Each structure stands twice: as C-alpha cells, then as structure tokens.
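Peer 1: The file below is run_22.txt, compact mmCIF, C-alpha atoms:
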# COMPACT_ATOMS: atom_id res chain seq x y z
CA PRO A 1 38.40 -45.23 -1.86
CA PRO A 2 37.63 -46.94 1.46
CA ASP A 3 35.40 -45.28 4.03
CA ALA A 4 37.91 -43.30 6.07
CA ALA A 5 35.44 -42.71 8.91
CA ALA A 6 34.81 -46.44 9.35
CA ALA A 7 38.47 -47.33 9.11
CA ALA A 8 39.88 -44.51 11.22
CA ALA A 9 39.31 -46.42 14.45
CA LEU A 10 40.98 -49.48 13.01
CA ALA A 11 44.06 -47.85 11.46
CA PRO A 12 46.31 -45.77 13.78
CA GLN A 13 46.80 -42.24 12.48
CA SER A 14 49.41 -41.00 14.96
CA GLN A 15 53.03 -42.10 14.84
CA SER A 16 54.25 -40.23 17.89
CA GLN A 17 54.80 -43.49 19.82
CA ARG A 18 55.90 -45.67 16.89
CA PRO A 19 59.56 -46.05 15.95
CA ASN A 20 60.51 -44.68 12.56
CA VAL A 21 60.12 -47.40 9.93
CA HIS A 22 61.28 -45.27 7.00
CA THR A 23 64.96 -46.12 7.14
CA GLU A 24 67.47 -46.60 4.36
CA ASP A 25 67.07 -50.37 4.72
CA ALA A 26 63.27 -50.39 4.39
CA ARG A 27 61.77 -51.76 1.20
CA TYR A 28 58.66 -50.42 -0.49
CA PHE A 29 56.13 -52.07 -2.80
CA VAL A 30 53.03 -50.80 -4.61
CA ILE A 31 49.94 -52.95 -4.06
CA THR A 32 46.93 -52.44 -6.32
CA SER A 33 43.42 -53.62 -5.48
CA ASN A 34 40.58 -54.25 -7.89
CA THR A 35 37.99 -52.86 -5.46
CA LYS A 36 37.89 -50.56 -2.45
CA ASP A 37 36.02 -53.30 -0.55
CA ASN A 38 39.17 -55.42 -0.41
CA VAL A 39 41.07 -52.52 1.17
CA VAL A 40 38.31 -52.08 3.78
CA LYS A 41 38.49 -55.83 4.56
CA SER A 42 42.24 -55.53 4.91
CA VAL A 43 41.91 -52.66 7.38
CA ARG A 44 39.34 -54.53 9.43
CA HIS A 45 41.17 -57.88 9.54
CA SER A 46 44.82 -56.72 9.30
CA LEU A 47 45.38 -59.23 6.50
CA TRP A 48 46.25 -59.20 2.83
CA ALA A 49 46.59 -61.71 -0.01
CA THR A 50 48.43 -60.94 -3.22
CA GLN A 51 48.88 -62.59 -6.59
CA ARG A 52 51.06 -65.69 -6.79
CA LYS A 53 53.67 -63.87 -8.86
CA ASN A 54 54.23 -61.35 -6.04
CA GLU A 55 54.49 -63.79 -3.13
CA GLN A 56 58.16 -64.74 -3.54
CA SER A 57 59.47 -61.16 -3.78
CA LEU A 58 57.41 -60.00 -0.80
CA ASP A 59 58.42 -63.02 1.28
CA GLU A 60 62.11 -62.53 0.45
CA ALA A 61 61.90 -58.83 1.35
CA PHE A 62 60.20 -59.61 4.67
CA ARG A 63 62.92 -62.08 5.66
CA SER A 64 65.84 -59.80 4.71
CA SER A 65 64.67 -56.26 5.59
CA PRO A 66 63.79 -54.55 8.86
CA ALA A 67 60.56 -53.17 7.35
CA VAL A 68 58.50 -53.90 4.24
CA ILE A 69 56.05 -51.10 3.45
CA LEU A 70 53.09 -51.70 1.14
CA VAL A 71 51.59 -48.60 -0.51
CA PHE A 72 48.00 -49.32 -1.60
CA SER A 73 46.08 -47.99 -4.60
CA VAL A 74 42.59 -48.96 -5.74
CA ASN A 75 42.31 -49.38 -9.50
CA ARG A 76 40.69 -46.44 -11.32
CA SER A 77 40.67 -44.34 -8.13
CA GLU A 78 43.47 -42.07 -9.42
CA ALA A 79 44.97 -42.03 -5.92
CA PHE A 80 46.93 -43.96 -3.32
CA GLN A 81 44.89 -44.83 -0.23
CA GLY A 82 47.62 -45.22 2.39
CA TYR A 83 50.32 -47.64 3.45
CA ALA A 84 50.80 -50.67 5.72
CA MET A 85 53.70 -52.81 6.98
CA MET A 86 54.10 -56.57 6.59
CA ARG A 87 53.93 -58.43 9.92
CA SER A 88 54.31 -62.08 8.88
CA PRO A 89 55.73 -64.20 6.05
CA VAL A 90 53.41 -64.98 3.16
CA GLY A 91 51.14 -67.91 4.01
CA ARG A 92 51.75 -67.78 7.77
CA PRO A 93 49.26 -65.35 9.32
CA ARG A 94 48.85 -65.36 13.09
CA SER A 95 45.10 -64.81 12.84
CA SER A 96 42.79 -67.78 12.32
CA SER A 97 39.55 -65.83 11.95
CA GLY A 98 39.02 -66.89 8.34
CA ASP A 99 39.83 -65.67 4.87
CA PRO A 100 38.11 -62.38 3.99
CA PHE A 101 39.36 -62.61 0.39
CA ASN A 102 37.76 -65.98 -0.39
CA GLY A 103 40.93 -67.86 -1.32
CA PHE A 104 42.39 -65.26 -3.70
CA GLY A 105 45.91 -66.01 -2.45
CA ARG A 106 47.92 -66.99 0.61
CA LEU A 107 47.25 -64.70 3.55
CA PHE A 108 49.81 -62.74 5.56
CA ASP A 109 49.54 -60.26 8.40
CA ILE A 110 49.90 -56.52 7.83
CA GLU A 111 49.62 -53.48 10.10
CA TRP A 112 48.04 -50.38 8.65
CA LEU A 113 50.10 -47.29 9.51
CA ARG A 114 48.35 -44.53 7.56
CA LEU A 115 45.04 -44.40 5.70
CA HIS A 116 44.45 -41.32 3.56
CA ASP A 117 43.91 -40.51 -0.11
CA LEU A 118 46.91 -39.15 -2.01
CA PRO A 119 45.85 -38.07 -5.54
CA TYR A 120 48.05 -39.10 -8.43
CA ARG A 121 48.41 -35.48 -9.55
CA GLU A 122 50.46 -34.79 -6.40
CA VAL A 123 53.01 -37.52 -7.06
CA GLU A 124 53.69 -37.00 -10.78
CA HIS A 125 57.16 -35.70 -9.94
CA ILE A 126 58.17 -38.89 -8.07
CA ARG A 127 59.98 -41.35 -10.35
CA ASN A 128 60.91 -44.94 -9.62
CA SER A 129 64.48 -45.87 -10.58
CA LEU A 130 63.56 -49.56 -10.22
CA ASN A 131 60.96 -49.22 -13.00
CA PHE A 132 62.89 -47.40 -15.77
CA ASP A 133 62.42 -44.06 -13.99
CA ARG A 134 58.68 -44.06 -14.65
CA PRO A 135 56.18 -42.15 -12.47
CA VAL A 136 55.13 -44.07 -9.37
CA GLN A 137 51.42 -43.79 -10.22
CA GLY A 138 51.98 -46.06 -13.21
CA SER A 139 53.26 -48.98 -11.10
CA ARG A 140 51.78 -52.43 -11.55
CA ASP A 141 50.70 -54.63 -8.67
CA GLY A 142 53.76 -55.80 -6.72
CA GLN A 143 56.14 -53.26 -8.26
CA GLU A 144 59.02 -52.48 -5.90
CA LEU A 145 59.86 -48.80 -5.35
CA SER A 146 63.28 -47.38 -4.75
CA ASN A 147 63.88 -46.39 -1.14
CA GLY A 148 63.85 -42.69 -2.00
CA ALA A 149 60.61 -42.89 -4.01
CA GLY A 150 58.92 -44.95 -1.31
CA GLN A 151 59.91 -42.55 1.45
CA ARG A 152 58.71 -39.48 -0.46
CA LEU A 153 55.40 -41.19 -1.25
CA CYS A 154 54.78 -42.04 2.40
CA GLN A 155 55.87 -38.58 3.55
CA LEU A 156 53.21 -37.00 1.34
CA ILE A 157 50.54 -39.24 2.89
CA ASP A 158 51.81 -38.32 6.38
CA ARG A 159 51.71 -34.65 5.49
CA HIS A 160 48.10 -34.87 4.34
CA ILE A 161 47.20 -36.20 7.79
CA ASP A 162 49.52 -34.13 10.02
CA ASP A 163 49.55 -30.82 8.14
CA PRO A 164 46.69 -30.67 5.60
CA ASP A 165 46.77 -26.85 5.43
CA SER A 166 50.22 -26.96 3.84
CA PHE A 167 48.67 -28.08 0.54
CA PRO A 168 47.38 -25.38 -1.84
CA LYS A 169 43.64 -25.12 -2.24
CA LEU A 170 42.62 -26.35 -5.67
CA GLN A 171 40.06 -24.45 -7.70
CA ALA A 172 36.71 -26.19 -7.73
CA PRO A 173 35.83 -27.77 -11.08
CA PRO A 174 33.05 -26.11 -13.11
CA SER A 175 29.51 -27.24 -12.41
CA VAL A 176 27.91 -29.87 -14.58
CA ALA A 177 25.49 -27.30 -16.03
CA ALA A 178 28.28 -24.89 -16.95
CA ALA A 179 30.30 -27.67 -18.54
CA ALA A 180 27.26 -28.77 -20.56
CA LEU A 181 26.64 -25.23 -21.82
CA LEU A 182 30.28 -24.87 -22.83
CA SER A 183 30.19 -28.20 -24.64
CA GLU A 184 27.01 -27.22 -26.51
CA LYS A 185 28.52 -23.87 -27.51
CA ARG A 186 31.56 -25.62 -28.94
CA ARG A 187 29.32 -28.04 -30.81
CA GLU A 188 27.36 -25.16 -32.35
CA GLU A 189 30.55 -23.43 -33.42
CA LYS A 190 31.81 -26.61 -35.03
CA ARG A 191 28.47 -27.45 -36.62
CA TYR A 192 28.17 -24.22 -38.57
CA ARG A 193 31.74 -24.03 -39.77
CA LYS A 194 31.94 -23.69 -43.51
CA ALA A 195 33.40 -26.68 -45.27
CA PRO A 196 36.64 -26.12 -47.22
CA ASP A 197 36.12 -25.12 -50.82
CA HIS A 198 36.26 -28.33 -52.84
CA LEU A 199 38.08 -26.61 -55.71
CA GLU A 200 40.66 -24.68 -53.71
CA ALA A 201 41.26 -26.74 -50.54
CA THR A 202 43.71 -29.61 -50.55
CA PHE A 203 42.58 -33.19 -50.16
CA ASP A 204 44.08 -33.37 -46.65
CA GLU A 205 42.21 -30.21 -45.57
CA GLN A 206 38.90 -31.68 -46.71
CA ILE A 207 39.58 -35.00 -44.98
CA GLU A 208 40.53 -33.18 -41.76
CA TYR A 209 37.27 -31.20 -41.86
CA PHE A 210 34.99 -34.21 -42.32
CA LEU A 211 36.83 -36.27 -39.69
CA SER A 212 36.25 -33.45 -37.17
CA LEU A 213 32.45 -33.82 -37.50
CA ASP A 214 30.49 -36.23 -35.38
CA PHE A 215 27.55 -38.13 -36.87
CA GLU A 216 24.85 -35.57 -36.02
CA ASP A 217 26.94 -32.70 -37.37
CA TYR A 218 27.62 -34.56 -40.61
CA CYS A 219 23.91 -35.28 -41.07
CA GLU A 220 23.24 -31.55 -40.65
CA TRP A 221 25.97 -30.71 -43.17
CA HIS A 222 24.56 -33.26 -45.61
CA LYS A 223 21.07 -31.72 -45.45
CA ARG A 224 22.43 -28.23 -46.10
CA PHE A 225 25.16 -28.77 -48.65
CA GLY A 226 25.03 -32.38 -49.83
CA ALA A 227 23.26 -31.58 -53.11
CA ALA A 228 25.74 -28.94 -54.23
CA SER A 229 29.03 -30.02 -52.68
CA PRO A 230 30.91 -33.25 -53.21
CA GLY A 231 31.59 -35.05 -49.98
CA PRO A 232 31.75 -38.49 -48.37
CA LEU A 233 28.97 -41.05 -48.66
CA SER A 234 25.47 -40.26 -47.49
CA PRO A 235 24.67 -41.11 -43.84
CA PRO A 236 22.67 -44.33 -43.37
CA GLY A 237 19.02 -43.77 -44.27
CA MET A 238 19.71 -40.46 -46.04
CA ASP A 239 20.01 -40.59 -49.81
CA ARG A 240 22.07 -37.85 -51.37
CA PRO A 241 19.74 -35.42 -53.22
CA PRO A 242 20.17 -35.75 -57.00
CA PRO A 243 22.53 -33.13 -58.39
CA ASP A 244 20.90 -30.13 -60.03
CA PRO A 245 21.42 -30.67 -63.78
CA PHE A 246 21.33 -26.89 -64.31
CA PHE A 247 23.84 -26.08 -61.56
CA GLY A 248 26.03 -23.16 -62.66
CA LEU A 249 23.69 -21.74 -65.32
CA ALA A 250 22.41 -18.21 -65.16
CA PRO A 251 19.09 -18.15 -63.23
CA LEU A 252 17.01 -17.15 -66.26
CA HIS A 253 18.51 -19.86 -68.41
CA ALA A 254 18.01 -22.45 -65.67
CA ALA A 255 14.35 -21.44 -65.29
CA HIS A 256 13.87 -21.76 -69.05
CA LEU A 257 15.45 -25.23 -69.19
CA ARG A 258 13.19 -26.38 -66.33
CA GLY A 259 10.17 -25.37 -68.45
CA ALA A 260 9.30 -22.32 -66.39
CA GLY A 261 9.25 -19.90 -69.35
CA PRO A 262 10.78 -18.81 -72.64
CA PRO A 263 14.45 -17.92 -72.96
CA PRO A 264 15.38 -14.44 -71.71
CA MET A 265 14.98 -11.55 -74.10
CA GLY A 266 18.02 -11.33 -76.30
CA MET A 267 19.46 -14.67 -75.07
CA PRO A 268 18.97 -17.65 -77.34
CA PRO A 269 18.39 -21.03 -75.72
CA PRO A 270 21.44 -23.25 -75.36
CA HIS A 271 22.29 -25.15 -78.52
CA GLY A 272 20.23 -28.28 -79.03
CA VAL A 273 17.49 -27.46 -76.47
CA PRO A 274 14.56 -25.94 -78.42
CA TRP A 275 11.82 -24.24 -76.50
CA HIS A 276 8.16 -24.78 -77.35
CA PRO A 277 5.42 -22.60 -75.87
CA PRO A 278 2.85 -24.31 -73.65
CA HIS A 279 -0.35 -25.55 -75.31
CA GLY A 280 -2.65 -22.68 -76.24
CA MET A 281 -0.01 -19.96 -75.98
CA PRO A 282 1.03 -18.17 -79.20
CA PRO A 283 4.70 -18.31 -80.10
CA PRO A 284 6.74 -15.30 -79.04
CA MET A 285 7.29 -12.41 -81.45
CA LEU A 286 10.45 -12.78 -83.47
CA HIS A 287 12.94 -10.00 -83.09
CA HIS A 288 14.82 -8.38 -85.91
CA PRO A 289 18.49 -9.37 -85.94
CA SER A 290 19.42 -5.76 -85.45
CA HIS A 291 17.70 -5.86 -82.06
CA PHE A 292 19.53 -8.97 -80.99
CA HIS A 293 22.35 -8.52 -78.51
CA PRO A 294 23.98 -11.87 -77.79
CA VAL A 295 25.01 -12.61 -74.24
CA HIS A 296 28.12 -14.68 -73.88
CA MET A 297 27.53 -18.04 -72.21
CA PRO A 298 29.77 -19.13 -69.35
CA PRO A 299 33.04 -20.79 -70.45
CA TRP A 300 31.97 -24.35 -69.67
CA GLY A 301 35.04 -25.71 -71.38
CA HIS A 302 37.21 -24.40 -68.56
CA LEU A 303 35.30 -26.15 -65.79
CA PRO A 304 36.60 -29.40 -64.21
CA SER A 305 34.99 -32.58 -65.43
CA HIS A 306 32.96 -33.14 -62.24
CA HIS A 307 31.32 -29.71 -62.77
CA LEU A 308 30.50 -30.47 -66.41
CA ALA A 309 28.45 -33.39 -65.17
CA ARG A 310 26.18 -30.95 -63.32
CA VAL A 311 25.34 -28.94 -66.48
CA ALA A 312 22.39 -29.96 -68.69
CA PRO A 313 23.43 -32.37 -71.46
CA TYR A 314 23.42 -30.17 -74.51
As structure tokens, please, write out the structure in this file.
Peer 2:
Amino acid sequence: PPDAAAAAALAPQSQSQRPNVHTEDARYFVITSNTKDNVVKSVRHSLWATQRKNEQSLDEAFRSSPAVILVFSVNRSEAFQGYAMMRSPVGRPRSSSGDPFNGFGRLFDIEWLRLHDLPYREVEHIRNSLNFDRPVQGSRDGQELSNGAGQRLCQLIDRHIDDPDSFPKLQAPPSVAAAALLSEKRREEKRYRKAPDHLEATFDEQIEYFLSLDFEDYCEWHKRFGAASPGPLSPPGMDRPPPDPFFGLAPLHAAHLRGAGPPPMGMPPPHGVPWHPPHGMPPPMLHHPSHFHPVHMPPWGHLPSHHLARVAPY
C-alpha cells in the first residue's frame, strides 16, 4: 500500500467542510492498480489513467452523475487503499505538468478524498448487485458498484479514519518461529504414520495415503518399508531393494535356506532344496523316525500370488 505518511499531506482526511458526495445519484467504480507506486503518483499529481476499455463508462458516468467515486485497490495487497472523485472528463486534465504514468492511458483529474487501508476481510459481507451479487473484493478493474455497495465501502474507510477504536482488536498472528515448529511437528506426525495394510486396505485408501506424502517423506518411507511392502515406483536415484526370497518363512528355515546352518531339529528342509554341510564338517547324525516330529509348513497355497513370488522357488 502507498506510504500514508507521505500522502497524508496531499490527500485531505477531514470532510467537515466538504459537501456530502455520497448521494443516491453518485456512481461508484473499483479501480485496481498493478503497483502501489502508481497510487502514490496519483495522490501526488491528482491524476489517473485507466485502461482503454474503462474510459467510455467512466466518461459517461462523469457527464451524467453529480459525483463519480473511484475506490482504489492495489493488486495482491488484499485491501482497498481509499477513494477519490473524478474532476474532469477522460483525456481532458486541467494540469499540464506531464504524464506520471508514461502514456499508459488518457489522463483525467481526480481529487483524493480518503486514503486508508481497508482489508478485504472487513468487506466480505458487501455484495455487488451489478456483478452477479459477488463480493466487492473480487471486482475487476473498472467494475461499477451499486450505489449501496459503494456507500458502505466508503463508510468503512471513513470509519477507520474517524473512529478507529470502533473496530475490534484482532489477535496477533503466531510468530514465524512458532509457526515453523508447528509445521515441523505436523510433518513428523505425518512422516511416521503407518501405511495402510496392502492386503486389507482398499485401493483408494492406499492411493490417498501415498498422495498425502511429500517427496522427502516418501523417500523416508521407501527406505524403511520399500523392500517388504508393495508401493509406487522408487524415487529417482533410489532403486527398490530386491525382495527377500525367503519372506514369510519361519526364521530358522530362512536361515537354513540362506546357507547359515542345517535345517532345524525335527524340521526337514523344504522339498527340493537339499542341504549339504560346509566343507570339512561331518554330516549331521540321522535321527530315528520315532524321534521325528514333523512341523507343519505354512499354508503357502492360500497366499495371494504376489506373496508367492517372495517365497523361495521350491
């Protein structure tokens, strides 16, 4: 927004000696500016230049109405900055001091009446019947306001200047450090959430979970669970660890199949995978069949096909 201190001396703030311009015949327009510098130039030179598409409607309003009020808003400021009144037809300014806007459009005289920020959050209740009853803060450049909406908008700006204590005090936003700590806490909570069970959760639940992760969180998930859990593709530069061919086997059987030792006592090796003792080690003592107590193997036939692929090929 423009520097209020620098512009205060240029824009009158008291209306005690000015006749009331907010009559039922007054017309109101929203004027948007790309930069606050253009508003400061307008305050200093009492001039404005608008887009070509707006010139005809403003000129017609000036010639047919007792007052044309322009309510200004700088783009991305989330506020109105004040309002001014047209003082000459478009293209016929009384001043010959030059063009502060470098030929953007045809100049015309304006008189600034009030200069003060009015945040958009304070005008959300004001609707414009000339723009499909939309909120006034969504007006495009040159949008005409209904007389009622224009008067209420200007009255709020006047009230900010004449009676600022009548507005409730807003709670100060949290500090940057506090907001950063809160954001990091939420990230940690999300990072260590357990992924939905890939056998019990629905497809939509799994998709929703992975879409909720950002890139860093997904890389962390991939390091922890990528080898044992099916999921999306590996992140760039991170190859998925090869699946454990003995996933799902009893620990002793898995150790035997990896070559870490003989089959457990009383448990024969899986069919088709003979075990041979390491070089120099005598073969194990054979047990009498009466001492043999078979242990039932897991029911692999009941597992889904993508789990069978993780079991050793025997």
Peer 1: In Å, how far is it from atom CA of Asp162 of chain A to atom CA of His116 of chain A?
Peer 2: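 The value is 10.9 Å.
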Peer 1: Anything within 10 Å of (60.4, -49.9, 11.3): list those residues as a PyMOL selection string, counting only C-alpha atoms and sticking to the file's coordinates.
Peer 2: chain A and resi 18-23+25-26+65-69+85
Peer 1: Using only the atoms of segment 68-84 of chain A listed in the file, plus 4 Å on each side, state the axis-aligned box centre and edge lengths in Å rounded to one decimal, as AutoDock Vina command-line options.
Peer 2:
--center_x 49.6 --center_y -48.0 --center_z -2.8 --size_x 25.8 --size_y 19.9 --size_z 25.0
Peer 1: Between A:Asp141, A:Glu24, A:Glu124, A:Asp133, which residue has the minimum interatomic distance to Val71 of chain A, considering all atoms listed in the file?
Peer 2: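 Ranking A:Asp141, A:Glu24, A:Glu124, A:Asp133 by distance to Val71 of chain A, first place goes to A:Asp141.
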Peer 1: Near Phe101 of chain A, counting all atoms listed in the file, which residues have an atom at most 9 Å away, once you skip same-chain residues fewer than 2 positions from it, shown as a list of chain:residue names?
Peer 2: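 Listed by chain and then number, they are A:Asn38, A:Lys41, A:Ser42, A:Trp48, A:Ala49, A:Asp99, A:Gly103, A:Phe104, A:Gly105, A:Leu107.
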Peer 1: With all atoms listed in the file as the basis for distance, which of A:Ile31, A:Ala149, A:Ile126, A:Leu211 is at the shortest distance from Val74 of chain A?
Peer 2: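 Comparing A:Ile31, A:Ala149, A:Ile126, A:Leu211 against Val74 of chain A, the winner is A:Ile31.
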